[in-house]
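What follows is the content of run-v5.pdb, which has PDB, C-alpha atoms, pLDDT in the B column:
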ATOM      1  CA  MET A  30     -15.123  -6.430 -18.577  1.00 54.00           C
ATOM      2  CA  ALA A  31     -15.459  -9.703 -16.753  1.00 63.00           C
ATOM      3  CA  GLY A  32     -13.331 -10.204 -13.665  1.00 69.00           C
ATOM      4  CA  ARG A  33     -12.544  -6.531 -13.264  1.00 76.00           C
ATOM      5  CA  ARG A  34     -13.495  -4.954  -9.959  1.00 75.00           C
ATOM      6  CA  PRO A  35     -15.312  -1.643  -9.956  1.00 73.00           C
ATOM      7  CA  ARG A  36     -13.301   1.391  -8.967  1.00 76.00           C
ATOM      8  CA  PHE A  37     -13.628   2.436  -5.316  1.00 72.00           C
ATOM      9  CA  ARG A  38     -15.629   5.646  -5.037  1.00 72.00           C
ATOM     10  CA  PRO A  39     -16.169   6.546  -1.396  1.00 71.00           C
ATOM     11  CA  ALA A  40     -19.400   8.323  -0.609  1.00 77.00           C
ATOM     12  CA  PHE A  41     -18.436  10.172   2.549  1.00 74.00           C
ATOM     13  CA  GLU A  42     -20.838  12.877   3.637  1.00 77.00           C
ATOM     14  CA  ASP A  43     -20.682  15.352   6.531  1.00 75.00           C
ATOM     15  CA  GLU A  44     -23.242  13.344   8.498  1.00 78.00           C
ATOM     16  CA  HIS A  45     -20.855  10.357   8.494  1.00 78.00           C
ATOM     17  CA  ILE A  46     -18.423  12.304  10.680  1.00 74.00           C
ATOM     18  CA  ALA A  47     -20.650  11.728  13.720  1.00 75.00           C
ATOM     19  CA  ARG A  48     -19.898   8.006  13.443  1.00 76.00           C
ATOM     20  CA  LEU A  49     -16.174   8.690  13.944  1.00 76.00           C
ATOM     21  CA  TYR A  50     -16.703   9.810  17.543  1.00 78.00           C
ATOM     22  CA  ASP A  51     -16.572   7.421  20.476  1.00 82.00           C
ATOM     23  CA  THR A  52     -18.495   8.824  23.411  1.00 82.00           C
ATOM     24  CA  PRO A  53     -16.829   7.948  26.732  1.00 84.00           C
ATOM     25  CA  ALA A  54     -18.806   6.502  29.613  1.00 87.00           C
ATOM     26  CA  ASP A  55     -18.043   9.626  31.678  1.00 89.00           C
ATOM     27  CA  PRO A  56     -20.129  12.455  30.162  1.00 86.00           C
ATOM     28  CA  HIS A  57     -17.626  15.048  31.438  1.00 90.00           C
ATOM     29  CA  LEU A  58     -14.922  13.732  29.115  1.00 86.00           C
ATOM     30  CA  PRO A  59     -14.767  14.833  25.478  1.00 83.00           C
ATOM     31  CA  PRO A  60     -15.478  12.238  22.779  1.00 82.00           C
ATOM     32  CA  LEU A  61     -12.552  10.500  21.107  1.00 79.00           C
ATOM     33  CA  THR A  62     -12.214  10.736  17.351  1.00 76.00           C
ATOM     34  CA  ARG A  63     -11.616   7.399  15.679  1.00 74.00           C
ATOM     35  CA  LEU A  64      -9.482   7.532  12.547  1.00 73.00           C
ATOM     36  CA  GLY A  65      -7.903   4.709  10.612  1.00 77.00           C
ATOM     37  CA  LEU A  66      -5.904   4.020   7.512  1.00 77.00           C
ATOM     38  CA  LYS A  67      -4.469   1.047   5.734  1.00 85.00           C
ATOM     39  CA  MET A  68      -0.907   0.978   4.448  1.00 89.00           C
ATOM     40  CA  ALA A  69       1.185  -1.825   2.950  1.00 92.00           C
ATOM     41  CA  THR A  70       4.264  -3.300   4.602  1.00 90.00           C
ATOM     42  CA  GLY A  71       7.264  -1.030   4.103  1.00 92.00           C
ATOM     43  CA  SER A  72       5.216   1.976   3.018  1.00 94.00           C
ATOM     44  CA  GLY A  73       6.215   4.137   5.994  1.00 93.00           C
ATOM     45  CA  LYS A  74       3.502   3.692   8.638  1.00 92.00           C
ATOM     46  CA  THR A  75       5.887   4.582  11.470  1.00 94.00           C
ATOM     47  CA  VAL A  76       7.058   7.722   9.671  1.00 94.00           C
ATOM     48  CA  VAL A  77       3.425   8.752   9.106  1.00 92.00           C
ATOM     49  CA  MET A  78       2.716   8.252  12.824  1.00 91.00           C
ATOM     50  CA  ALA A  79       5.756  10.388  13.692  1.00 92.00           C
ATOM     51  CA  MET A  80       4.626  13.121  11.270  1.00 92.00           C
ATOM     52  CA  LEU A  81       1.112  13.169  12.758  1.00 89.00           C
ATOM     53  CA  MET A  82       2.517  13.357  16.281  1.00 88.00           C
ATOM     54  CA  ALA A  83       4.962  16.132  15.357  1.00 88.00           C
ATOM     55  CA  TRP A  84       2.259  18.108  13.558  1.00 87.00           C
ATOM     56  CA  SER A  85      -0.177  17.894  16.457  1.00 84.00           C
ATOM     57  CA  PHE A  86       2.432  18.660  19.135  1.00 82.00           C
ATOM     58  CA  CYS A  87       3.856  21.608  17.203  1.00 82.00           C
ATOM     59  CA  ASN A  88       0.343  23.011  16.803  1.00 79.00           C
ATOM     60  CA  ARG A  89      -0.297  22.477  20.509  1.00 78.00           C
ATOM     61  CA  ALA A  90       2.947  24.281  21.347  1.00 76.00           C
ATOM     62  CA  LYS A  91       2.050  27.249  19.153  1.00 75.00           C
ATOM     63  CA  VAL A  92      -1.558  27.552  20.372  1.00 75.00           C
ATOM     64  CA  SER A  93      -1.606  25.969  23.813  1.00 71.00           C
ATOM     65  CA  ALA A  94      -5.046  27.355  24.703  1.00 71.00           C
ATOM     66  CA  THR A  95      -6.811  25.188  22.125  1.00 70.00           C
ATOM     67  CA  SER A  96      -8.204  21.754  22.875  1.00 70.00           C
ATOM     68  CA  VAL A  97      -8.001  20.718  19.222  1.00 72.00           C
ATOM     69  CA  SER A  98      -4.390  19.504  19.396  1.00 73.00           C
ATOM     70  CA  PRO A  99      -3.527  16.778  21.909  1.00 76.00           C
ATOM     71  CA  SER A 100      -1.072  17.037  24.758  1.00 74.00           C
ATOM     72  CA  ALA A 101      -0.339  13.300  24.615  1.00 79.00           C
ATOM     73  CA  THR A 102      -0.603  10.359  22.255  1.00 83.00           C
ATOM     74  CA  LEU A 103      -1.349   6.694  22.770  1.00 84.00           C
ATOM     75  CA  VAL A 104       0.245   4.193  20.426  1.00 87.00           C
ATOM     76  CA  VAL A 105      -1.200   0.694  20.652  1.00 87.00           C
ATOM     77  CA  CYS A 106       0.710  -2.187  19.111  1.00 89.00           C
ATOM     78  CA  PRO A 107       0.033  -5.928  18.841  1.00 90.00           C
ATOM     79  CA  ASN A 108       3.193  -7.414  20.367  1.00 93.00           C
ATOM     80  CA  LEU A 109       6.595  -6.795  21.940  1.00 92.00           C
ATOM     81  CA  THR A 110       8.434  -6.947  18.619  1.00 92.00           C
ATOM     82  CA  ILE A 111       6.381  -4.082  17.225  1.00 91.00           C
ATOM     83  CA  LYS A 112       6.688  -2.232  20.537  1.00 93.00           C
ATOM     84  CA  GLU A 113      10.474  -2.351  20.230  1.00 95.00           C
ATOM     85  CA  ARG A 114      10.266  -1.141  16.634  1.00 93.00           C
ATOM     86  CA  LEU A 115       8.075   1.809  17.644  1.00 95.00           C
ATOM     87  CA  GLN A 116      10.607   3.134  20.162  1.00 95.00           C
ATOM     88  CA  VAL A 117      11.694   5.528  17.390  1.00 94.00           C
ATOM     89  CA  LEU A 118       8.496   7.465  18.226  1.00 92.00           C
ATOM     90  CA  ARG A 119       9.883   8.348  21.662  1.00 89.00           C
ATOM     91  CA  PRO A 120      11.727  11.697  21.501  1.00 84.00           C
ATOM     92  CA  GLU A 121      14.234  10.619  24.158  1.00 85.00           C
ATOM     93  CA  ASN A 122      15.330   7.696  21.967  1.00 89.00           C
ATOM     94  CA  GLU A 123      18.656   8.566  20.308  1.00 90.00           C
ATOM     95  CA  ASN A 124      17.360   7.198  16.978  1.00 92.00           C
ATOM     96  CA  ASN A 125      13.988   8.972  17.109  1.00 90.00           C
ATOM     97  CA  TYR A 126      12.274   9.833  13.836  1.00 92.00           C
ATOM     98  CA  PHE A 127      11.567  13.424  14.881  1.00 87.00           C
ATOM     99  CA  ALA A 128      15.272  14.232  14.632  1.00 86.00           C
ATOM    100  CA  ALA A 129      16.180  11.669  11.947  1.00 90.00           C
ATOM    101  CA  PHE A 130      13.599  13.046   9.494  1.00 92.00           C
ATOM    102  CA  ASP A 131      13.788  16.619  10.824  1.00 88.00           C
ATOM    103  CA  LEU A 132      10.035  16.552  11.576  1.00 89.00           C
ATOM    104  CA  VAL A 133      10.112  19.165  14.342  1.00 82.00           C
ATOM    105  CA  PRO A 134      11.602  22.506  13.307  1.00 78.00           C
ATOM    106  CA  THR A 135      14.867  23.192  15.130  1.00 77.00           C
ATOM    107  CA  LYS A 136      13.598  26.478  16.595  1.00 77.00           C
ATOM    108  CA  MET A 137      10.605  24.666  18.143  1.00 76.00           C
ATOM    109  CA  ARG A 138      12.455  21.752  19.762  1.00 72.00           C
ATOM    110  CA  ASP A 139      13.216  23.670  22.953  1.00 72.00           C
ATOM    111  CA  MET A 140       9.788  25.288  23.388  1.00 68.00           C
ATOM    112  CA  PRO A 141       8.548  24.518  26.933  1.00 64.00           C
ATOM    113  CA  MET A 142       5.081  23.495  25.761  1.00 56.00           C
ATOM    114  CA  LEU A 143       6.494  21.191  23.105  1.00 59.00           C
ATOM    115  CA  ALA A 144       8.901  19.644  25.581  1.00 58.00           C
ATOM    116  CA  ALA A 145       5.971  18.986  27.926  1.00 53.00           C
ATOM    117  CA  CYS A 146       4.186  17.041  25.175  1.00 53.00           C
ATOM    118  CA  TRP A 147       7.036  14.612  24.845  1.00 51.00           C
TER     119      TRP A 147
END

Reformat the file's structure so that it appears as structure tokens.
Amino acid sequence: MAGRRPRFRPAFEDEHIARLYDTPADPHLPPLTRLGLKMATGSGKTVVMAMLMAWSFCNRAKVSATSVSPSATLVVCPNLTIKERLQVLRPENENNYFAAFDLVPTKMRDMPMLAACW
């Protein structure tokens, strides 16, 4: 079939996971895991970011002794327009996605550890 592209079949093995870690210059700091995804315009990237943040913070609140779930997030954006758009990821914003999409269970919203993550 001329002109037809082959189907994408990722060959991801366990040994490839080591390439996802960025080792910091300070050996006392844990490595950072690098993850990425590609989504089309209008497909819900901001909602996905909010869901990932809510999931990790809720897990951190439930099991605070673990270092697997973060206690903070860093969102990097390319310009001020996008920065303004991403304000919905701030829990103190009245239009935040955590409340709008009911991403954080109501009974967990007042947990001290979860509040500290915001």

Item checked: Which residue of A:Glu44, A:Asp131, A:Glu121, A:Asp139 approaches Val76 (chain A) most closely, using all atoms listed in the file -> A:Asp131

Check: For Leu66 (chain A), which residue out of A:Met78, A:Ala83, A:Ala40, A:Leu115 is the nearest one, using all atoms listed in the file?
Finding: A:Met78

Next item on the list: Starting from the shown file, work through the PyMOL selection byres ((chain A and resi 88) around 12) and note down what comes out as number ranges by chain.
Entry: A: 81-87, 89-100, 133-134, 137, 140, 142-143, 146

Notebook entry, point to check: A:Asn122, A:Asn108, A:Gln116, A:Thr62: which is nearest Leu49 (chain A), counting all atoms listed in the file?
Noted result: A:Thr62

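The two atoms in question, CA of Thr135 (chain A) and CA of Val104 (chain A), are spaced 24.6 Å apart.
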
Next item on the list: In Å, rounded to a single decimal, give me how far CA of Leu118 (chain A) is from CA of Thr75 (chain A).
Entry: 7.8 Å

Note to self: as JSON, numbers by chain, please: the residues near Leu132 (chain A) (cut-off 8 Å, all atoms listed in the file, same-chain neighbours under 3 positions excluded).
What the structure shows: {"A": [79, 80, 83, 126, 127, 128, 129]}

For the residues in that selection, give me C-alpha atoms as a CSV table (one decimal), in the frame of the given file.
chain,number,residue,atom,x,y,z
A,79,ALA,CA,5.8,10.4,13.7
A,80,MET,CA,4.6,13.1,11.3
A,83,ALA,CA,5.0,16.1,15.4
A,126,TYR,CA,12.3,9.8,13.8
A,127,PHE,CA,11.6,13.4,14.9
A,128,ALA,CA,15.3,14.2,14.6
A,129,ALA,CA,16.2,11.7,11.9

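Between CA of Pro53 (chain A) and CA of Phe41 (chain A) there is a distance of 24.3 Å.
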